[in-house]
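The file upload.txt contains compact mmCIF, C-alpha atoms and all ligand atoms:
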```txt
# COMPACT_ATOMS: atom_id res chain seq x y z
CA MET T 945 -49.36 154.59 197.83
CA SER T 946 -48.50 150.98 196.95
CA GLU T 947 -51.01 148.15 197.16
CA HIS T 948 -48.91 146.51 199.91
CA LEU T 949 -48.95 149.62 202.05
CA PHE T 950 -52.70 149.98 201.49
CA THR T 951 -53.21 146.37 202.64
CA MET T 952 -51.12 147.00 205.74
CA LEU T 953 -53.26 149.99 206.66
CA LEU T 954 -56.43 147.92 206.33
CA LEU T 955 -55.10 145.52 208.96
CA ARG T 956 -54.32 148.18 211.51
CA LEU T 957 -56.43 148.66 214.60
CA PRO T 958 -58.77 151.36 213.17
CA GLU T 959 -58.32 153.60 216.23
CA SER T 960 -54.54 153.57 215.72
CA LEU T 961 -54.68 155.17 212.24
CA SER T 962 -53.42 158.75 212.01
CA MET T 963 -55.36 161.46 210.14
CA GLU T 964 -52.80 161.28 207.36
CA GLU T 965 -53.15 157.51 207.05
CA LYS T 966 -56.95 157.79 206.95
CA GLU T 967 -56.68 160.34 204.15
CA SER T 968 -54.29 158.06 202.21
CA ILE T 969 -56.78 155.19 202.45
CA LYS T 970 -59.61 157.39 201.18
CA ALA T 971 -57.46 158.70 198.33
CA PHE T 972 -56.46 155.18 197.24
CA TYR T 973 -60.14 154.14 197.38
CA THR T 974 -61.25 157.09 195.25
CA ILE T 975 -58.55 156.57 192.63
CA ASN T 976 -58.88 152.77 192.32
CA GLY T 977 -62.57 152.23 193.04
CA ARG T 978 -64.56 149.75 195.13
CA ILE T 979 -64.22 146.75 192.80
CA TYR T 980 -60.43 146.91 192.77
CA VAL T 981 -60.23 147.50 196.53
CA GLU T 982 -62.53 144.58 197.25
CA LYS T 983 -60.37 142.36 195.03
CA ILE T 984 -57.31 143.25 197.13
CA ALA T 985 -59.20 142.49 200.35
CA ILE T 986 -60.38 139.11 199.02
CA GLN T 987 -56.91 138.15 197.75
CA ASN T 988 -55.40 138.94 201.13
CA LYS T 989 -58.28 137.26 203.03
CA ILE T 990 -58.95 140.39 205.09
CA ILE T 991 -62.54 141.35 204.16
CA PRO T 992 -63.89 141.96 207.69
CA PHE T 993 -60.78 143.91 208.74
CA ALA T 994 -60.99 146.09 205.63
CA ALA T 995 -64.74 146.57 206.16
CA HIS T 996 -64.15 147.67 209.76
CA VAL T 997 -61.56 150.25 208.69
CA PHE T 998 -63.80 151.65 205.93
CA MET T 999 -66.70 151.95 208.39
CA HIS T 1000 -64.44 153.65 210.92
CA ILE T 1001 -63.21 156.28 208.46
CA HIS T 1002 -66.66 156.75 206.87
CA CYS T 1003 -65.60 155.57 203.44
CA ASP T 1004 -68.45 153.91 201.48
CA SER T 1005 -69.73 152.86 204.95
CA ASP T 1006 -73.13 151.36 204.07
CA TYR T 1007 -71.63 148.89 201.62
CA TRP T 1008 -68.93 147.74 204.04
CA LYS T 1009 -71.22 147.63 207.07
CA ALA T 1010 -73.26 144.90 205.37
CA LYS T 1011 -70.05 142.90 204.78
CA HIS T 1012 -68.91 143.37 208.38
CA ASP T 1013 -72.38 142.43 209.74
CA PHE T 1014 -72.15 139.10 207.93
CA TRP T 1015 -68.90 138.17 209.73
CA GLN T 1016 -70.18 139.47 213.05
CA LYS T 1017 -73.25 137.25 212.86
CA ARG T 1018 -71.20 134.22 211.76
CA ASN T 1019 -68.63 134.67 214.52
CA ARG T 1020 -71.28 135.02 217.23
CA ILE T 1021 -72.53 131.58 216.23
CA ILE T 1022 -68.97 130.24 216.62
CA LYS T 1023 -68.66 131.83 220.06
CA GLU T 1024 -71.99 130.37 221.18
CA MET T 1025 -70.86 126.94 220.01
CA LEU T 1026 -67.61 127.30 221.99
CA GLU T 1027 -69.62 128.23 225.11
CA LYS T 1028 -71.48 124.95 224.80
CA LEU T 1029 -68.30 123.03 224.05
CA PHE T 1030 -66.52 124.27 227.16
CA LEU T 1031 -69.60 123.39 229.22
CA ALA T 1032 -69.36 119.89 227.72
CA PHE T 1033 -65.66 119.77 228.65
CA ASN T 1034 -66.62 120.65 232.24
CA ARG T 1035 -69.33 117.97 232.29
CA ASN T 1036 -66.91 115.37 230.96
CA ASN T 1037 -64.24 116.33 233.46
CA VAL T 1038 -61.76 117.66 230.90
CA LYS T 1039 -59.17 119.83 232.65
CA SER T 1040 -56.57 120.72 230.03
CA THR T 1041 -58.41 122.41 227.17
CA CYS T 1042 -58.07 126.07 226.31
CA LEU T 1043 -58.48 128.17 223.20
CA VAL T 1044 -55.32 129.37 221.38
CA GLU T 1045 -54.30 131.33 218.27
CA ASN T 1046 -56.58 133.79 216.51
CA PHE T 1047 -60.07 133.33 217.95
CA ALA T 1048 -58.43 133.12 221.38
CA THR T 1049 -56.81 136.48 220.65
CA VAL T 1050 -60.12 138.05 219.60
CA LEU T 1051 -61.68 136.95 222.91
CA ARG T 1052 -58.67 137.69 225.14
CA SER T 1053 -58.31 141.16 223.59
CA ASP T 1054 -62.03 141.82 223.72
CA ALA T 1055 -61.51 142.86 220.07
CA CYS T 1056 -64.28 143.25 217.51
CA ILE T 1057 -65.88 139.83 217.07
CA GLY T 1058 -66.59 140.62 213.41
CA CYS T 1059 -62.87 140.81 212.66
CA PHE T 1060 -62.20 137.10 212.38
CA CYS T 1061 -62.49 135.09 209.18
CA SER T 1062 -60.72 131.76 209.67
CA GLY T 1063 -62.53 128.54 208.90
CA ASP T 1064 -61.35 126.94 212.13
CA VAL T 1065 -60.39 127.50 215.74
CA ASP T 1066 -57.59 125.84 217.68
CA ILE T 1067 -57.74 124.27 221.09
CA SER T 1068 -54.62 123.23 222.98
CA ALA T 1069 -55.07 120.07 225.05
CA ASP T 1070 -53.42 117.16 226.81
CA LEU T 1071 -53.30 113.94 224.78
CA ASN T 1072 -54.18 111.94 227.91
CA GLU T 1073 -57.67 113.47 227.80
CA ARG T 1074 -58.35 112.66 224.16
CA ILE T 1075 -61.26 110.28 224.83
CA GLN T 1076 -63.26 112.77 226.94
CA ILE T 1077 -62.39 115.55 224.51
CA ALA T 1078 -63.62 113.59 221.47
CA LYS T 1079 -66.81 112.72 223.40
CA SER T 1080 -67.46 116.39 224.18
CA LEU T 1081 -66.95 117.36 220.53
CA GLU T 1082 -69.28 114.60 219.38
CA GLU T 1083 -71.98 115.93 221.72
CA LEU T 1084 -71.82 119.12 219.62
CA ASN T 1085 -71.98 117.19 216.34
CA PHE T 1086 -68.29 117.48 215.55
CA SER T 1087 -66.71 114.36 214.12
CA MET T 1088 -63.21 113.47 212.98
CA ASP T 1089 -62.63 115.25 209.69
CA LYS T 1090 -62.76 112.58 207.00
CA ARG T 1091 -61.49 115.02 204.40
CA ILE T 1092 -58.12 114.89 206.13
CA ASP T 1093 -56.40 111.53 206.12
CA GLN T 1094 -55.70 111.33 209.86
CA SER T 1095 -53.25 108.47 209.32
CA ILE T 1096 -51.00 110.78 207.28
CA THR T 1097 -51.08 113.72 209.67
CA ASN T 1098 -49.35 112.94 212.91
CA SER T 1099 -52.32 112.30 215.21
CA ASN T 1100 -50.12 112.74 218.27
CA GLN T 1101 -49.73 116.36 217.22
CA VAL T 1102 -53.22 117.37 216.09
CA SER T 1103 -56.73 115.94 215.62
CA THR T 1104 -59.18 117.77 213.41
CA PHE T 1105 -62.94 117.71 213.99
CA TYR T 1106 -65.56 118.95 211.57
CA ASN T 1107 -69.15 120.14 211.70
CA ASP T 1108 -71.00 120.58 208.39
CA ASP T 1109 -74.03 122.44 209.69
CA LEU T 1110 -72.76 125.05 212.14
CA ILE T 1111 -72.24 127.74 209.50
CA ALA T 1112 -72.25 127.80 205.70
CA ASP T 1113 -69.11 126.05 204.38
CA GLY T 1114 -68.81 124.07 207.63
CA PHE T 1115 -66.41 124.63 210.51
CA ARG T 1116 -63.33 122.86 211.89
CA ILE T 1117 -61.84 122.57 215.34
CA ASN T 1118 -58.19 121.56 215.57
CA VAL T 1119 -57.22 120.00 218.85
CA MET T 1120 -53.51 120.66 219.19
CA TRP T 1121 -51.81 118.00 221.32
CA GLN T 1122 -48.51 119.74 220.62
CA PRO T 1123 -48.07 123.49 220.03
CA ILE T 1124 -47.17 123.04 216.36
CA ALA T 1125 -48.33 120.20 214.10
CA ARG T 1126 -45.29 119.53 211.99
CA SER T 1127 -43.08 116.50 211.58
CA PHE T 1128 -39.36 116.75 212.32
CA LEU T 1129 -39.78 119.75 214.54
CA VAL T 1130 -37.99 119.49 217.86
CA GLN T 1131 -40.48 121.11 220.21
CA GLU T 1132 -40.18 119.39 223.57
CA ASP T 1133 -39.40 122.70 225.31
CA TYR T 1134 -42.57 124.28 223.93
CA ASP T 1135 -44.59 121.24 224.82
CA VAL T 1136 -43.51 121.38 228.47
CA ARG T 1137 -44.08 125.15 228.56
CA PHE T 1138 -47.66 124.96 227.31
CA SER T 1139 -48.66 121.90 229.32
CA LYS T 1140 -47.97 124.13 232.36
CA GLU T 1141 -49.53 127.29 230.92
CA ARG T 1142 -52.68 125.45 229.81
CA LEU T 1143 -53.53 124.69 233.41
CA LYS T 1144 -53.27 128.40 234.29
CA ALA T 1145 -55.64 129.44 231.49
CA THR T 1146 -58.67 131.42 232.65
CA THR T 1147 -62.19 131.94 231.36
CA ILE T 1148 -62.94 135.17 229.59
CA MET T 1149 -65.50 137.55 231.11
CA GLU T 1150 -69.04 136.21 231.58
CA SER T 1151 -68.16 133.04 229.72
CA ASN T 1152 -67.09 129.45 230.19
CA ILE T 1153 -64.53 129.59 227.38
CA ARG T 1154 -61.02 129.09 228.69
CA VAL T 1155 -58.27 131.02 226.96
CA LEU T 1156 -54.51 131.10 227.58
CA ASN T 1157 -53.42 134.09 229.62
CA ALA T 1158 -52.06 137.08 227.69
CA THR T 1159 -48.31 136.36 228.01
CA ALA T 1160 -48.67 132.66 227.20
CA LEU T 1161 -51.03 133.43 224.32
CA MET T 1162 -48.55 135.98 222.94
CA TYR T 1163 -45.81 133.33 223.05
CA TYR T 1164 -48.09 130.73 221.44
CA ASN T 1165 -48.99 133.16 218.63
CA ILE T 1166 -45.32 133.97 218.05
CA LEU T 1167 -44.37 130.30 217.72
CA HIS T 1168 -47.40 129.63 215.53
CA ILE T 1169 -46.33 132.37 213.09
CA ALA T 1170 -42.63 131.47 213.15
CA LEU T 1171 -42.92 127.71 212.99
CA GLY T 1172 -46.35 126.99 211.56
CA HIS T 1173 -46.23 129.66 208.83
CA TYR T 1174 -42.48 130.34 208.39
CA TYR T 1175 -43.33 134.00 209.21
CA THR T 1176 -44.95 134.82 205.87
CA LEU T 1177 -47.02 131.94 204.45
CA SER T 1178 -50.78 132.39 203.94
CA PRO T 1179 -52.57 134.40 205.27
CA GLY T 1180 -49.35 136.45 205.34
CA MET T 1181 -49.67 139.89 206.90
CA ARG T 1182 -52.94 138.96 208.63
CA LEU T 1183 -51.00 136.61 210.92
CA TYR T 1184 -49.55 139.62 212.70
CA VAL T 1185 -52.95 140.95 213.77
CA ASP T 1186 -52.86 138.43 216.63
CA ILE T 1187 -49.61 139.89 217.95
CA ASP T 1188 -50.79 143.45 217.48
CA ARG T 1189 -54.19 143.24 219.16
CA LEU T 1190 -52.84 141.34 222.13
CA ALA T 1191 -49.96 143.79 222.66
CA ARG T 1192 -52.32 146.75 222.42
CA THR T 1193 -55.04 145.51 224.74
CA ASN T 1194 -53.42 143.26 227.33
CA GLU T 1195 -50.78 143.48 230.02
CA VAL T 1196 -48.23 141.17 228.43
CA ASN T 1197 -45.44 140.38 230.87
CA TRP T 1198 -42.52 141.03 228.49
CA GLY T 1199 -39.90 140.21 231.14
CA GLU T 1200 -41.46 136.78 231.63
CA LEU T 1201 -41.67 136.26 227.87
CA LEU T 1202 -37.98 137.15 227.52
CA LYS T 1203 -37.13 134.59 230.22
CA TRP T 1204 -39.07 131.87 228.37
CA THR T 1205 -37.37 132.62 225.05
CA ILE T 1206 -33.96 132.21 226.69
CA GLU T 1207 -34.99 128.94 228.37
CA ASP T 1208 -36.57 127.55 225.19
CA HIS T 1209 -33.89 128.85 222.77
CA SER T 1210 -36.46 130.83 220.81
CA ARG T 1211 -35.00 134.33 221.01
CA ILE T 1212 -34.40 134.75 217.27
CA ARG T 1213 -37.89 133.51 216.37
CA THR T 1214 -39.52 135.80 218.90
CA ALA T 1215 -37.42 138.81 217.92
CA ILE T 1216 -38.25 138.34 214.22
CA VAL T 1217 -42.01 138.06 214.82
CA LEU T 1218 -42.13 141.07 217.13
CA HIS T 1219 -39.99 143.10 214.76
CA LEU T 1220 -42.18 142.27 211.75
CA SER T 1221 -45.33 143.06 213.72
CA PHE T 1222 -43.87 146.45 214.58
CA GLU T 1223 -42.96 147.09 210.92
CA ILE T 1224 -46.31 145.97 209.51
CA LEU T 1225 -48.81 147.16 212.12
CA LYS T 1226 -46.84 149.61 214.27
CA THR T 1227 -47.36 147.27 217.21
CA PRO T 1228 -46.23 148.84 220.48
CA ILE T 1229 -43.31 146.68 221.63
CA PRO T 1230 -41.38 147.90 224.70
CA LYS T 1231 -38.19 149.78 223.84
CA GLY T 1232 -35.01 147.77 224.22
CA LEU T 1233 -36.74 144.41 224.10
CA PHE T 1234 -35.22 143.48 220.71
CA GLN T 1235 -31.73 144.21 221.99
CA LYS T 1236 -32.31 141.99 224.99
CA MET T 1237 -33.86 139.27 222.88
CA TYR T 1238 -31.40 139.10 220.06
CA ARG T 1239 -29.90 141.52 217.68
CA ASN T 1240 -27.19 139.54 215.99
CA LYS T 1241 -26.43 139.67 212.30
CA ARG T 1242 -28.35 136.51 211.49
CA CYS T 1243 -31.53 137.87 213.07
CA MET T 1244 -31.25 141.18 211.19
CA ASN T 1245 -30.46 139.38 207.90
CA MET T 1246 -33.52 137.20 208.36
CA ILE T 1247 -35.72 140.25 208.85
CA SER T 1248 -34.43 141.83 205.62
CA TYR T 1249 -34.86 138.50 203.82
CA LEU T 1250 -38.49 138.20 204.93
CA TYR T 1251 -39.58 141.82 204.65
CA ASP T 1252 -38.79 144.40 201.98
CA LYS T 1253 -39.02 147.66 203.90
CA ASP T 1254 -38.94 149.89 200.80
CA GLN T 1255 -41.84 148.10 199.17
CA ASN T 1256 -43.65 147.31 202.46
CA LYS T 1257 -43.82 143.77 201.23
CA LEU T 1258 -43.59 140.40 202.95
CA GLN T 1259 -42.07 137.80 200.70
CA ASN T 1260 -44.23 134.82 199.75
CA LYS T 1261 -41.87 131.98 198.94
CA GLY T 1262 -43.01 128.63 200.27
CA ASP T 1263 -40.79 125.99 198.64
CA ARG T 1264 -38.92 123.38 200.65
CA PHE T 1265 -35.54 125.01 200.31
CA HIS T 1266 -36.95 128.28 201.62
CA ARG T 1267 -38.56 126.53 204.57
CA LEU T 1268 -35.37 124.72 205.49
CA PHE T 1269 -33.40 127.95 205.16
CA VAL T 1270 -35.86 129.82 207.38
CA GLU T 1271 -35.98 127.07 209.97
CA LEU T 1272 -32.21 126.71 210.31
CA ASN T 1273 -31.61 130.44 210.45
CA SER T 1274 -34.26 130.88 213.14
CA ASN T 1275 -32.60 128.56 215.63
CA ASP T 1276 -30.74 130.23 218.47
CA CYS T 1277 -28.04 127.56 218.17
CA ASN T 1278 -25.64 127.43 215.24
CA ILE T 1279 -26.81 126.11 211.88
CA VAL T 1280 -24.90 122.80 211.97
CA LEU T 1281 -26.26 121.94 215.41
CA GLY T 1282 -29.76 122.96 214.24
CA LEU T 1283 -29.51 120.62 211.26
CA PHE T 1284 -28.29 117.81 213.52
CA GLN T 1285 -31.26 118.35 215.89
CA MET T 1286 -33.66 118.34 212.95
CA ILE T 1287 -32.28 115.05 211.64
CA SER T 1288 -32.34 113.41 215.07
CA GLY T 1289 -35.89 114.78 215.55
CA ALA T 1290 -36.86 113.22 212.22
CA THR T 1291 -35.39 109.89 213.30
CA LYS T 1292 -37.35 110.10 216.54
CA VAL T 1293 -40.64 110.81 214.74
CA GLN T 1294 -40.01 107.93 212.34
CA THR T 1295 -39.24 105.58 215.20
CA VAL T 1296 -42.50 106.50 216.95
CA SER T 1297 -44.58 105.99 213.82
CA THR T 1298 -42.85 102.67 213.09
CA ILE T 1299 -43.61 101.46 216.60
CA LYS T 1300 -47.24 102.58 216.19
CA LYS T 1301 -47.61 100.73 212.91
CA GLU T 1302 -46.07 97.57 214.34
CA SER T 1303 -48.19 97.52 217.51
ZN ZN T 1401 -64.58 144.43 213.12
```

Can I see the file as structure tokens?
Amino acid sequence: MSEHLFTMLLLRLPESLSMEEKESIKAFYTINGRIYVEKIAIQNKIIPFAAHVFMHIHCDSDYWKAKHDFWQKRNRIIKEMLEKLFLAFNRNNVKSTCLVENFATVLRSDACIGCFCSGDVDISADLNERIQIAKSLEELNFSMDKRIDQSITNSNQVSTFYNDDLIADGFRINVMWQPIARSFLVQEDYDVRFSKERLKATTIMESNIRVLNATALMYYNILHIALGHYYTLSPGMRLYVDIDRLARTNEVNWGELLKWTIEDHSRIRTAIVLHLSFEILKTPIPKGLFQKMYRNKRCMNMISYLYDKDQNKLQNKGDRFHRLFVELNSNDCNIVLGLFQMISGATKVQTVSTIKKES
């Protein structure tokens, strides 16, 4: 078994592994040894996921339980902090905030709280509430992250807050004023979509933490992977866990999602992400959905460009040419029109920042 295939198996929902797959994991472990296996897990930033799988299949369990316990304890502290933060939002009359991306998925899926290892969480919010939101974060000892030059990042897209003491290595909260923080991206459709969906977000069980509903969260995760990470950038395969766990545990309204992708011209992006998630993690995606979404040549070429099926390998290019290529080929419209929109989007962003500087 290749290292890539082994990594993919470690990211699977443990209960979804077949007997044969479990045996393959054990065999790889025996042949290559703990030190080598741990190196792979560290390189791919998947230690708690790997630990959970090894515990589940009774492979060197005691060693991996200690690793998993560490993340479980850490993540409970993060959840407790978020409880307090959402109470502060309520006190300060903040209406728009809700949790998105990976910690949101852990909570919405009621997945194992140990299986999360990001150094930040993301909250989607309305820019009009920024003062009350900053006040709430300050009440929990989060301040604007000085390590990031906020004048360089577009502060109308994201504000990053930092707390040194919450856990070892500190912890960040990104408040996303737009779904994706990236210059030149034309994302008005997404912006309108999520400003509506944010208001429909609900609290998770026995908690004050508001999280996007399953279908909206699925769509948010898809766009985050496609646009924020160009499908494959770090943490690579781990990105797809968010799609997988949500699809396995929640009633995603796929018909509604399909409707949104047509309205927002995001069919190719959505089809690519769902297809890759199926390839990597065997995510259950309803039959026929790809065909309805998009199955043109460009979409299929993009999938083969991003994922080598024979090697079970996601590519890891990240240069500017690659990003531009990926972006233009992911647009539902033709490439020339996509390029034109990107340039006019860039002009718009520049105009806004010029006005801001002048005022
Ligand atoms: Zn776990």

**Study point:** Residues within 7 Å of T:Asp1066, all atoms listed in the file, excluding chain neighbours under 2 positions, as a PyMOL selection string
**Key:** chain T and resi 1043-1045+1064+1068+1117-1120

With 10 Å as the cut-off and all atoms listed in the file counted, what is the closest atom pair between each nearby residue of chain T and ligand ZN 1401 (chain T)? Distances in Å to one decimal, ordered by chain and number, as JSON lines.
```
{"residue": "T:Leu957", "atom": "CA", "partner": "T:ZN1401", "partner_atom": "ZN", "distance": 9.3}
{"residue": "T:Pro958", "atom": "CA", "partner": "T:ZN1401", "partner_atom": "ZN", "distance": 9.0}
{"residue": "T:Ile991", "atom": "CA", "partner": "T:ZN1401", "partner_atom": "ZN", "distance": 9.7}
{"residue": "T:Pro992", "atom": "CA", "partner": "T:ZN1401", "partner_atom": "ZN", "distance": 6.0}
{"residue": "T:Phe993", "atom": "CA", "partner": "T:ZN1401", "partner_atom": "ZN", "distance": 5.8}
{"residue": "T:Ala994", "atom": "CA", "partner": "T:ZN1401", "partner_atom": "ZN", "distance": 8.5}
{"residue": "T:Ala995", "atom": "CA", "partner": "T:ZN1401", "partner_atom": "ZN", "distance": 7.3}
{"residue": "T:His996", "atom": "CA", "partner": "T:ZN1401", "partner_atom": "ZN", "distance": 4.7}
{"residue": "T:Val997", "atom": "CA", "partner": "T:ZN1401", "partner_atom": "ZN", "distance": 7.9}
{"residue": "T:Met999", "atom": "CA", "partner": "T:ZN1401", "partner_atom": "ZN", "distance": 9.1}
{"residue": "T:His1000", "atom": "CA", "partner": "T:ZN1401", "partner_atom": "ZN", "distance": 9.5}
{"residue": "T:Lys1009", "atom": "CA", "partner": "T:ZN1401", "partner_atom": "ZN", "distance": 9.5}
{"residue": "T:His1012", "atom": "CA", "partner": "T:ZN1401", "partner_atom": "ZN", "distance": 6.5}
{"residue": "T:Asp1013", "atom": "CA", "partner": "T:ZN1401", "partner_atom": "ZN", "distance": 8.7}
{"residue": "T:Trp1015", "atom": "CA", "partner": "T:ZN1401", "partner_atom": "ZN", "distance": 8.3}
{"residue": "T:Gln1016", "atom": "CA", "partner": "T:ZN1401", "partner_atom": "ZN", "distance": 7.5}
{"residue": "T:Ala1055", "atom": "CA", "partner": "T:ZN1401", "partner_atom": "ZN", "distance": 7.8}
{"residue": "T:Cys1056", "atom": "CA", "partner": "T:ZN1401", "partner_atom": "ZN", "distance": 4.6}
{"residue": "T:Ile1057", "atom": "CA", "partner": "T:ZN1401", "partner_atom": "ZN", "distance": 6.2}
{"residue": "T:Gly1058", "atom": "CA", "partner": "T:ZN1401", "partner_atom": "ZN", "distance": 4.3}
{"residue": "T:Cys1059", "atom": "CA", "partner": "T:ZN1401", "partner_atom": "ZN", "distance": 4.0}
{"residue": "T:Phe1060", "atom": "CA", "partner": "T:ZN1401", "partner_atom": "ZN", "distance": 7.7}
```

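Interatomic distance, atom CA of T:Arg1213 to atom CA of T:Ile1229: 15.2 Å.
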
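Pairwise distance (atom CA of T:Tyr1238, atom CA of T:Ala1170) equals 15.2 Å.
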
Practice item. Do a neighbour search on T:Ala1191 at 8 Å with all atoms listed in the file, toss out local chain neighbours closer than 2 positions, and write the hits as a PyMOL selection string. Key: chain T and resi 1162+1187-1189+1193-1196+1227-1229

Check your understanding: What is the atom CA of T:Asn1165 to atom CA of T:Thr1147 distance in Å?
Key -> 18.4 Å

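Among T:Leu1218, T:Met1088, T:Val1038, T:Leu1268, the residue with the shortest atom-to-atom distance to T:Asn1072, counting all atoms listed in the file, is T:Val1038.
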
Exercise for review: Identify, on the basis of all atoms listed in the file, every residue whose closest approach to stretch 949-955 of chain T does not exceed 9 Å; exclude the query and any residue fewer than 3 positions from it along the same chain; express the result as a VMD selection string.
Suggested key: chain T and resid 945 to 946 958 961 965 to 966 968 to 969 972 984 to 985 988 990 993 to 998 1181 to 1182 1184 to 1185 1224 to 1225 1255 to 1257

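Among the candidate residues T:Trp1008, T:Tyr973, T:Phe1138, T:Phe1115, the one lying nearest to T:Ser1040 is T:Phe1138, with distances computed using all atoms listed in the file.
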
Practice item. Would you kindly return, as number ranges by chain, each protein, DNA or RNA residue with an atom no farther than 10 Å from any atom of T:Ser1080, considering only C-alpha atoms and excluding same-chain residues fewer than 5 positions away? Key: T: 1028-1038, 1074-1075, 1085-1086

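Residues within 12 Å of T:Thr1176, counting all atoms listed in the file and excluding same-chain residues fewer than 4 positions away, are His1168, Ile1169, Ala1170, Leu1171, Gly1172, Gly1180, Met1181, Arg1182, Leu1183, Tyr1184, Ile1216, Val1217, Leu1220, Ser1221, Ile1224, Met1246, Ile1247, Tyr1249, Leu1250, Tyr1251, Lys1257, Leu1258, Gln1259, Asn1260, Lys1261, Gly1262, His1266, Arg1267 and Val1270 of chain T.
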
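Ranking T:Ser1178, T:Asn1100, T:Asn1273, T:Asn1240 by their shortest atom-to-atom distance to T:Arg1126, with all atoms listed in the file included, puts T:Asn1100 first.
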
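Minimum atom-to-atom distances from T:Tyr1174, T:Asp1004, T:Cys1243, T:Asn1019 to T:Arg1264 were compared using all atoms listed in the file, and the lowest value belongs to T:Tyr1174.
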
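Of the residues listed (T:Tyr1164, T:Ile1021, T:Asp1263, T:Ile1124), T:Tyr1164 shows the shortest atom-to-atom separation from T:Asp1186; distances use only C-alpha atoms.
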
Will you give me stretch 1020-1033 of chain T, written with N, CA and C atoms and laid out as a compact mmCIF listing (two decimals), in the first residue's frame?
```txt
# COMPACT_ATOMS: atom_id res chain seq x y z
N ARG T 1020 -11.84 20.74 24.13
CA ARG T 1020 -12.93 21.06 25.08
C ARG T 1020 -12.76 22.48 25.63
N ILE T 1021 -11.52 22.88 25.82
CA ILE T 1021 -11.24 24.25 26.28
C ILE T 1021 -11.72 25.25 25.23
N ILE T 1022 -11.47 24.93 23.95
CA ILE T 1022 -11.91 25.81 22.86
C ILE T 1022 -13.44 25.90 22.83
N LYS T 1023 -14.09 24.77 23.01
CA LYS T 1023 -15.56 24.78 22.99
C LYS T 1023 -16.12 25.60 24.16
N GLU T 1024 -15.53 25.42 25.33
CA GLU T 1024 -15.98 26.21 26.50
C GLU T 1024 -15.81 27.70 26.25
N MET T 1025 -14.70 28.07 25.63
CA MET T 1025 -14.46 29.48 25.32
C MET T 1025 -15.54 29.99 24.35
N LEU T 1026 -15.88 29.17 23.36
CA LEU T 1026 -16.90 29.59 22.38
C LEU T 1026 -18.27 29.75 23.03
N GLU T 1027 -18.56 28.88 24.01
CA GLU T 1027 -19.81 29.03 24.79
C GLU T 1027 -19.88 30.44 25.37
N LYS T 1028 -18.78 30.81 26.02
CA LYS T 1028 -18.75 32.13 26.68
C LYS T 1028 -18.81 33.25 25.65
N LEU T 1029 -18.15 33.03 24.52
CA LEU T 1029 -18.15 34.07 23.49
C LEU T 1029 -19.55 34.31 22.93
N PHE T 1030 -20.28 33.23 22.68
CA PHE T 1030 -21.63 33.41 22.14
C PHE T 1030 -22.57 34.01 23.18
N LEU T 1031 -22.30 33.74 24.45
CA LEU T 1031 -23.08 34.43 25.50
C LEU T 1031 -22.77 35.92 25.48
N ALA T 1032 -21.50 36.26 25.26
CA ALA T 1032 -21.10 37.67 25.16
C ALA T 1032 -21.76 38.33 23.93
N PHE T 1033 -21.81 37.59 22.83
CA PHE T 1033 -22.50 38.13 21.64
C PHE T 1033 -23.96 38.44 21.98
```
